[in-house]
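Participant: My structure is below; once you've seen it, I'll send some questions.
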Amino acid sequence: MIRSEREKMAAGDWYTCLDPELDALRALALNAVHQHNTAPPDVRGNIAPKLRALFGSVGENCRIEALFHCPYGINIHLCDSVYMNAGCTILDTAPVHIGARCLLGPHVQIYTAQHHKDAVKRAAGQEIALPVTINDDVWIGGAAVIMPGVTIGARAIVGSGAVVTKDVAADTVVVGNPARVVSNG
């Protein structure tokens, strides 16, 4: 049975991002993101209606400041009381789960896609997507980058500008590039 590129992407297999079905999904997301980023604050509310409807799930009392970007939206899952400051980007080619009461500083970036290391395959749009999970009560400082496949444990703190390439244990503070533990508990 031949699988679509979307099915391969969802399964965590290598897929080609240069695909009409994926293009159409990205177009829907672009419209929702545009509405969120350009609506007056009193019209937009905490999350613009099209963006909220696009997300996989959204808990109560979540807020995303403009400007925000995501290519699909359908793979983003927010628990209750998530706050994202201005300029956050979530590249959600795989599921991104953000736990309750998480705070994301300005310009936090969450990546799930990895492009192929082979230049010819990379040029052809080959990539693989690895999920990101951020557990409850995590604080991620401004301009931090969370790389594909990372899980951040509950109550952890990621310092501003950190590049998180490995899982972060609960109740841990990490800083730097690559992020390293500076405090446990």
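Numbering starts fresh at 1 for the residues of each chain in the structure tokens, the chains themselves are lettered A, B, ... in the order given, and ligands are numbered from 1 as they appear.
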Can you pull out every residue within 8 Å of region 34-45 of chain A, counting only C-alpha atoms, but drop anything in the same chain fewer than 6 positions away, and send it as a list in words?
Facilitator: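 These residues fall inside the cut-off: Leu51, Ala66, Leu67 and Phe68 of chain A.
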Participant: Atoms to include: N, CA and C atoms. Write the selected residues as an mmCIF file, in the first residue's frame.
Facilitator:
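Ended up saving to out.cif:
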```
data_model
loop_
_atom_site.group_PDB
_atom_site.id
_atom_site.type_symbol
_atom_site.label_atom_id
_atom_site.label_comp_id
_atom_site.auth_asym_id
_atom_site.auth_seq_id
_atom_site.Cartn_x
_atom_site.Cartn_y
_atom_site.Cartn_z
ATOM 1 N N LEU A 51 -6.935 30.207 14.171
ATOM 2 C CA LEU A 51 -5.766 29.528 14.721
ATOM 3 C C LEU A 51 -6.191 28.524 15.789
ATOM 4 N N ALA A 66 0.914 38.023 19.383
ATOM 5 C CA ALA A 66 1.396 38.186 18.013
ATOM 6 C C ALA A 66 2.820 38.735 18.119
ATOM 7 N N LEU A 67 3.618 38.441 17.250
ATOM 8 C CA LEU A 67 3.562 37.608 16.070
ATOM 9 C C LEU A 67 3.839 36.155 16.462
ATOM 10 N N PHE A 68 3.190 35.247 15.762
ATOM 11 C CA PHE A 68 3.334 33.810 15.992
ATOM 12 C C PHE A 68 3.448 33.154 14.626
#
```
Participant: Using only C-alpha atoms, determine which residues lie at most 12 Å from Pro20 (chain A), disregarding the query and same-chain residues fewer than 5 positions distant; provide the list as a ChimeraX atom specification.
Facilitator: /A:4-6,25-27
Participant: Restricting the calculation to only C-alpha atoms, which member of A:Ala143, A:Ile64, A:Met1, A:Leu18 is positioned closest to Lys121 (chain A)?
Facilitator: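 Smallest separation from Lys121 (chain A) among the options: A:Leu18.
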Participant: So what do you get for CA of Glu65 (chain A) versus CA of Met9 (chain A), distance-wise?
Facilitator: 28.2 Å
Participant: Give me, please, the distance in Å between CA of Cys70 (chain A) and CA of Thr165 (chain A), quoted to one decimal.
Facilitator: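 Here the two named atoms are 20.2 Å from each other.
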Participant: As a CSV table (one decimal) with all heavy atoms, in the first residue's frame, list the residues of chain A assigned to alpha helix (DSSP H) by DSSP on the backbone atoms of this structure.
Facilitator:
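Output contents, as saved in out_21.csv:
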```csv
chain,number,residue,atom,x,y,z
A,5,GLU,N,2.5,11.4,1.6
A,5,GLU,CA,3.5,12.1,2.3
A,5,GLU,C,3.1,12.5,3.7
A,5,GLU,O,3.8,12.5,4.6
A,5,GLU,CB,4.1,13.3,1.5
A,5,GLU,CG,4.7,12.9,0.1
A,5,GLU,CD,5.8,11.8,0.3
A,5,GLU,OE1,6.7,12.0,1.1
A,5,GLU,OE2,5.7,10.9,-0.5
A,6,ARG,N,1.8,12.9,3.7
A,6,ARG,CA,1.2,13.3,5.1
A,6,ARG,C,1.2,12.1,6.0
A,6,ARG,O,1.5,12.2,7.2
A,6,ARG,CB,-0.2,13.8,4.9
A,6,ARG,CG,-0.8,14.3,6.2
A,6,ARG,CD,-2.2,14.8,6.0
A,6,ARG,NE,-2.8,15.3,7.3
A,6,ARG,CZ,-4.0,15.8,7.4
A,6,ARG,NH1,-4.7,16.0,6.3
A,6,ARG,NH2,-4.4,16.1,8.6
A,7,GLU,N,0.8,10.9,5.5
A,7,GLU,CA,0.8,9.7,6.3
A,7,GLU,C,2.2,9.4,6.8
A,7,GLU,O,2.4,9.0,7.9
A,7,GLU,CB,0.2,8.5,5.5
A,7,GLU,CG,-1.3,8.7,5.3
A,7,GLU,CD,-1.9,7.7,4.3
A,7,GLU,OE1,-1.1,7.2,3.4
A,7,GLU,OE2,-3.1,7.4,4.5
A,8,LYS,N,3.2,9.5,5.9
A,8,LYS,CA,4.6,9.2,6.3
A,8,LYS,C,5.0,10.2,7.4
A,8,LYS,O,5.7,9.8,8.3
A,8,LYS,CB,5.5,9.3,5.1
A,8,LYS,CG,5.3,8.2,4.0
A,8,LYS,CD,6.3,8.4,2.9
A,8,LYS,CE,5.8,7.9,1.6
A,8,LYS,NZ,6.7,8.3,0.5
A,9,MET,N,4.7,11.5,7.2
A,9,MET,CA,5.1,12.5,8.1
A,9,MET,C,4.5,12.2,9.5
A,9,MET,O,5.1,12.2,10.5
A,9,MET,CB,4.6,13.9,7.7
A,9,MET,CG,4.9,15.0,8.6
A,9,MET,SD,4.4,16.7,7.9
A,9,MET,CE,2.7,16.7,8.5
A,10,ALA,N,3.2,11.8,9.5
A,10,ALA,CA,2.5,11.5,10.8
A,10,ALA,C,3.1,10.3,11.5
A,10,ALA,O,3.1,10.2,12.7
A,10,ALA,CB,1.0,11.4,10.5
A,11,ALA,N,3.6,9.3,10.7
A,11,ALA,CA,4.1,8.1,11.2
A,11,ALA,C,5.6,8.3,11.7
A,11,ALA,O,6.1,7.4,12.3
A,11,ALA,CB,4.1,7.0,10.2
A,20,PRO,N,1.7,18.4,-2.8
A,20,PRO,CA,0.5,19.2,-2.9
A,20,PRO,C,-0.4,19.1,-1.7
A,20,PRO,O,-1.0,20.2,-1.2
A,20,PRO,CB,-0.2,18.6,-4.1
A,20,PRO,CG,0.8,18.0,-4.9
A,20,PRO,CD,1.8,17.5,-3.9
A,21,GLU,N,-0.6,18.0,-1.1
A,21,GLU,CA,-1.5,17.9,0.1
A,21,GLU,C,-0.8,18.7,1.3
A,21,GLU,O,-1.6,19.4,2.0
A,21,GLU,CB,-1.6,16.4,0.5
A,21,GLU,CG,-2.6,16.3,1.8
A,21,GLU,CD,-2.7,14.8,2.2
A,21,GLU,OE1,-2.0,13.9,1.8
A,21,GLU,OE2,-3.7,14.6,3.0
A,22,LEU,N,0.5,18.5,1.5
A,22,LEU,CA,1.1,19.3,2.5
A,22,LEU,C,1.1,20.8,2.2
A,22,LEU,O,1.0,21.6,3.1
A,22,LEU,CB,2.5,18.8,2.8
A,22,LEU,CG,2.6,17.3,3.3
A,22,LEU,CD1,4.1,16.9,3.5
A,22,LEU,CD2,1.8,17.2,4.6
A,23,ASP,N,1.3,21.1,1.0
A,23,ASP,CA,1.2,22.5,0.5
A,23,ASP,C,-0.2,23.1,0.9
A,23,ASP,O,-0.3,24.3,1.4
A,23,ASP,CB,1.3,22.7,-1.0
A,23,ASP,CG,2.8,22.5,-1.4
A,23,ASP,OD1,3.7,22.5,-0.6
A,23,ASP,OD2,2.9,22.3,-2.7
A,24,ALA,N,-1.3,22.4,0.7
A,24,ALA,CA,-2.6,22.8,1.0
A,24,ALA,C,-2.8,23.0,2.5
A,24,ALA,O,-3.4,24.0,3.0
A,24,ALA,CB,-3.7,21.8,0.5
A,25,LEU,N,-2.2,22.1,3.3
A,25,LEU,CA,-2.3,22.2,4.8
A,25,LEU,C,-1.5,23.5,5.3
A,25,LEU,O,-2.0,24.2,6.2
A,25,LEU,CB,-1.8,21.0,5.5
A,25,LEU,CG,-2.6,19.7,5.4
A,25,LEU,CD1,-1.9,18.5,5.9
A,25,LEU,CD2,-3.9,19.9,6.1
A,26,ARG,N,-0.4,23.7,4.7
A,26,ARG,CA,0.4,24.9,5.0
A,26,ARG,C,-0.3,26.2,4.6
A,26,ARG,O,-0.3,27.2,5.3
A,26,ARG,CB,1.8,24.8,4.4
A,26,ARG,CG,2.7,23.8,5.1
A,26,ARG,CD,4.1,23.9,4.6
A,26,ARG,NE,4.3,23.6,3.2
A,26,ARG,CZ,4.6,22.4,2.7
A,26,ARG,NH1,4.8,21.4,3.5
A,26,ARG,NH2,4.8,22.2,1.4
A,27,ALA,N,-1.1,26.2,3.5
A,27,ALA,CA,-1.9,27.3,3.1
A,27,ALA,C,-3.0,27.6,4.1
A,27,ALA,O,-3.2,28.8,4.5
A,27,ALA,CB,-2.4,27.1,1.7
A,28,LEU,N,-3.6,26.6,4.6
A,28,LEU,CA,-4.6,26.8,5.7
A,28,LEU,C,-4.0,27.5,6.9
A,28,LEU,O,-4.6,28.4,7.5
A,28,LEU,CB,-5.3,25.5,6.1
A,28,LEU,CG,-6.3,24.9,5.1
A,28,LEU,CD1,-6.7,23.5,5.6
A,28,LEU,CD2,-7.5,25.8,4.9
A,29,ALA,N,-2.8,26.9,7.3
A,29,ALA,CA,-2.2,27.5,8.5
A,29,ALA,C,-1.7,28.9,8.3
A,29,ALA,O,-1.8,29.7,9.2
A,29,ALA,CB,-1.0,26.6,8.8
A,30,LEU,N,-1.2,29.2,7.1
A,30,LEU,CA,-0.8,30.6,6.8
A,30,LEU,C,-1.9,31.6,6.9
A,30,LEU,O,-1.7,32.7,7.5
A,30,LEU,CB,-0.2,30.7,5.4
A,30,LEU,CG,1.2,30.2,5.2
A,30,LEU,CD1,1.6,30.2,3.7
A,30,LEU,CD2,2.2,31.1,6.0
A,31,ASN,N,-3.1,31.2,6.5
A,31,ASN,CA,-4.3,32.1,6.6
A,31,ASN,C,-4.7,32.3,8.1
A,31,ASN,O,-5.0,33.4,8.6
A,31,ASN,CB,-5.5,31.5,5.9
A,31,ASN,CG,-5.3,31.8,4.4
A,31,ASN,OD1,-5.0,32.9,4.0
A,31,ASN,ND2,-5.6,30.8,3.5
A,32,ALA,N,-4.6,31.2,8.9
A,32,ALA,CA,-4.9,31.3,10.3
A,32,ALA,C,-3.9,32.1,11.1
A,32,ALA,O,-4.3,32.9,11.9
A,32,ALA,CB,-5.0,29.9,10.9
A,33,VAL,N,-2.6,31.9,10.7
A,33,VAL,CA,-1.6,32.7,11.4
A,33,VAL,C,-1.7,34.1,11.0
A,33,VAL,O,-1.5,35.0,11.9
A,33,VAL,CB,-0.2,32.1,11.0
A,33,VAL,CG1,0.9,33.0,11.3
A,33,VAL,CG2,0.0,30.7,11.6
A,34,HIS,N,-2.0,34.4,9.7
A,34,HIS,CA,-2.2,35.8,9.3
A,34,HIS,C,-3.3,36.5,10.1
A,34,HIS,O,-3.2,37.6,10.5
A,34,HIS,CB,-2.4,35.8,7.8
A,34,HIS,CG,-2.7,37.2,7.3
A,34,HIS,ND1,-1.6,38.1,7.1
A,34,HIS,CD2,-3.8,37.9,6.9
A,34,HIS,CE1,-2.1,39.3,6.7
A,34,HIS,NE2,-3.4,39.1,6.5
A,35,GLN,N,-4.4,35.8,10.2
A,35,GLN,CA,-5.5,36.3,11.0
A,35,GLN,C,-5.1,36.7,12.4
A,35,GLN,O,-5.4,37.7,12.9
A,35,GLN,CB,-6.7,35.4,11.0
A,35,GLN,CG,-7.9,36.0,11.8
A,35,GLN,CD,-8.9,34.9,12.2
A,35,GLN,OE1,-8.6,34.0,12.9
A,35,GLN,NE2,-10.2,35.2,11.8
A,36,HIS,N,-4.4,35.7,13.0
A,36,HIS,CA,-4.0,35.9,14.4
A,36,HIS,C,-3.0,37.1,14.5
A,36,HIS,O,-3.1,38.0,15.4
A,36,HIS,CB,-3.3,34.7,14.9
A,36,HIS,CG,-2.8,34.8,16.3
A,36,HIS,ND1,-3.6,34.6,17.4
A,36,HIS,CD2,-1.5,35.1,16.8
A,36,HIS,CE1,-2.9,34.8,18.5
A,36,HIS,NE2,-1.6,35.1,18.2
A,37,ASN,N,-2.1,37.2,13.6
A,37,ASN,CA,-1.0,38.2,13.7
A,37,ASN,C,-1.5,39.6,13.3
A,37,ASN,O,-0.9,40.6,13.6
A,37,ASN,CB,0.2,37.8,12.8
A,37,ASN,CG,0.9,36.7,13.5
A,37,ASN,OD1,0.9,36.5,14.7
A,37,ASN,ND2,1.6,35.9,12.6
A,38,THR,N,-2.6,39.7,12.5
A,38,THR,CA,-3.0,41.0,12.0
A,38,THR,C,-4.3,41.6,12.6
A,38,THR,O,-4.7,42.7,12.4
A,38,THR,CB,-3.2,41.0,10.5
A,38,THR,OG1,-4.1,40.0,10.1
A,38,THR,CG2,-1.8,40.7,9.8
A,41,PRO,N,-6.1,43.5,18.7
A,41,PRO,CA,-6.1,42.7,20.0
A,41,PRO,C,-7.5,42.4,20.5
A,41,PRO,O,-7.8,41.3,21.0
A,41,PRO,CB,-5.3,43.5,20.9
A,41,PRO,CG,-4.3,44.3,20.1
A,41,PRO,CD,-5.1,44.6,18.8
A,42,ASP,N,-8.4,43.4,20.5
A,42,ASP,CA,-9.7,43.2,21.0
A,42,ASP,C,-10.6,42.2,20.1
A,42,ASP,O,-11.5,41.6,20.6
A,42,ASP,CB,-10.5,44.5,21.2
A,42,ASP,CG,-10.6,45.4,20.0
A,42,ASP,OD1,-9.8,45.2,19.0
A,42,ASP,OD2,-11.5,46.2,20.0
A,43,VAL,N,-10.2,42.1,18.9
A,43,VAL,CA,-10.9,41.1,18.0
A,43,VAL,C,-10.2,39.7,18.1
A,43,VAL,O,-10.9,38.7,18.1
A,43,VAL,CB,-10.8,41.6,16.5
A,43,VAL,CG1,-11.4,40.6,15.6
A,43,VAL,CG2,-11.6,42.9,16.4
A,44,ARG,N,-8.9,39.7,18.1
A,44,ARG,CA,-8.1,38.5,18.2
A,44,ARG,C,-8.4,37.7,19.5
A,44,ARG,O,-8.5,36.5,19.4
A,44,ARG,CB,-6.6,38.8,18.1
A,44,ARG,CG,-5.7,37.6,18.2
A,44,ARG,CD,-4.2,37.8,18.1
A,44,ARG,NE,-3.8,38.7,19.2
A,44,ARG,CZ,-3.2,39.8,19.1
A,44,ARG,NH1,-2.9,40.3,17.9
A,44,ARG,NH2,-2.8,40.6,20.1
A,49,PRO,N,-9.6,33.1,16.3
A,49,PRO,CA,-10.5,31.9,16.0
A,49,PRO,C,-10.0,30.9,15.0
A,49,PRO,O,-10.1,29.7,15.3
A,49,PRO,CB,-11.8,32.5,15.6
A,49,PRO,CG,-11.8,33.9,16.1
A,49,PRO,CD,-10.4,34.3,16.1
A,50,LYS,N,-9.5,31.3,13.9
A,50,LYS,CA,-9.0,30.3,12.9
A,50,LYS,C,-7.8,29.6,13.4
A,50,LYS,O,-7.7,28.4,13.2
A,50,LYS,CB,-8.6,31.1,11.6
A,50,LYS,CG,-9.7,31.4,10.7
A,50,LYS,CD,-9.2,32.0,9.4
A,50,LYS,CE,-10.3,32.5,8.5
A,50,LYS,NZ,-9.8,33.1,7.3
A,51,LEU,N,-6.9,30.2,14.2
A,51,LEU,CA,-5.8,29.5,14.7
A,51,LEU,C,-6.2,28.5,15.8
A,51,LEU,O,-5.7,27.4,15.8
A,51,LEU,CB,-4.8,30.5,15.3
A,51,LEU,CG,-3.4,30.0,15.7
A,51,LEU,CD1,-2.7,29.4,14.5
A,51,LEU,CD2,-2.6,31.1,16.3
A,52,ARG,N,-7.1,28.9,16.7
A,52,ARG,CA,-7.6,28.0,17.7
A,52,ARG,C,-8.2,26.8,17.1
A,52,ARG,O,-8.0,25.7,17.5
A,52,ARG,CB,-8.6,28.7,18.6
A,52,ARG,CG,-9.2,27.8,19.7
A,52,ARG,CD,-10.3,28.6,20.5
A,52,ARG,NE,-9.6,29.6,21.4
A,52,ARG,CZ,-9.1,29.3,22.6
A,52,ARG,NH1,-9.2,28.1,23.0
A,52,ARG,NH2,-8.6,30.3,23.3
A,53,ALA,N,-9.0,27.0,16.0
A,53,ALA,CA,-9.7,25.9,15.3
A,53,ALA,C,-8.7,25.0,14.6
A,53,ALA,O,-8.9,23.8,14.5
A,53,ALA,CB,-10.7,26.4,14.3
A,54,LEU,N,-7.6,25.5,14.2
A,54,LEU,CA,-6.6,24.7,13.5
A,54,LEU,C,-5.8,23.8,14.4
A,54,LEU,O,-5.5,22.7,14.0
A,54,LEU,CB,-5.6,25.7,12.8
A,54,LEU,CG,-4.6,25.1,11.8
A,54,LEU,CD1,-5.2,24.5,10.6
A,54,LEU,CD2,-3.6,26.2,11.4
A,119,ALA,N,22.8,15.7,0.6
A,119,ALA,CA,22.4,17.0,-0.1
A,119,ALA,C,21.4,16.8,-1.2
A,119,ALA,O,20.5,17.7,-1.4
A,119,ALA,CB,23.7,17.7,-0.6
A,120,VAL,N,21.5,15.7,-1.9
A,120,VAL,CA,20.5,15.5,-3.0
A,120,VAL,C,19.1,15.2,-2.5
A,120,VAL,O,18.1,15.8,-2.9
A,120,VAL,CB,21.0,14.3,-3.9
A,120,VAL,CG1,19.9,13.9,-4.9
A,120,VAL,CG2,22.3,14.7,-4.6
A,121,LYS,N,19.0,14.4,-1.4
A,121,LYS,CA,17.7,14.1,-0.8
A,121,LYS,C,17.2,15.4,-0.1
A,121,LYS,O,16.0,15.6,-0.1
A,121,LYS,CB,17.9,13.0,0.2
A,121,LYS,CG,18.1,11.6,-0.5
A,121,LYS,CD,18.2,10.5,0.5
A,121,LYS,CE,18.5,9.2,-0.3
A,121,LYS,NZ,18.7,8.1,0.6
A,122,ARG,N,18.1,16.1,0.5
A,122,ARG,CA,17.6,17.4,1.2
A,122,ARG,C,17.0,18.3,0.2
A,122,ARG,O,16.0,18.9,0.4
A,122,ARG,CB,18.8,18.0,1.9
A,122,ARG,CG,18.5,19.2,2.8
A,122,ARG,CD,19.6,19.6,3.7
A,122,ARG,NE,20.9,19.9,3.0
A,122,ARG,CZ,22.0,19.2,3.1
A,122,ARG,NH1,22.0,18.1,3.9
A,122,ARG,NH2,23.1,19.5,2.4
A,123,ALA,N,17.7,18.5,-1.0
A,123,ALA,CA,17.2,19.4,-2.1
A,123,ALA,C,15.9,18.9,-2.6
A,123,ALA,O,15.0,19.7,-3.1
A,123,ALA,CB,18.2,19.5,-3.2
```
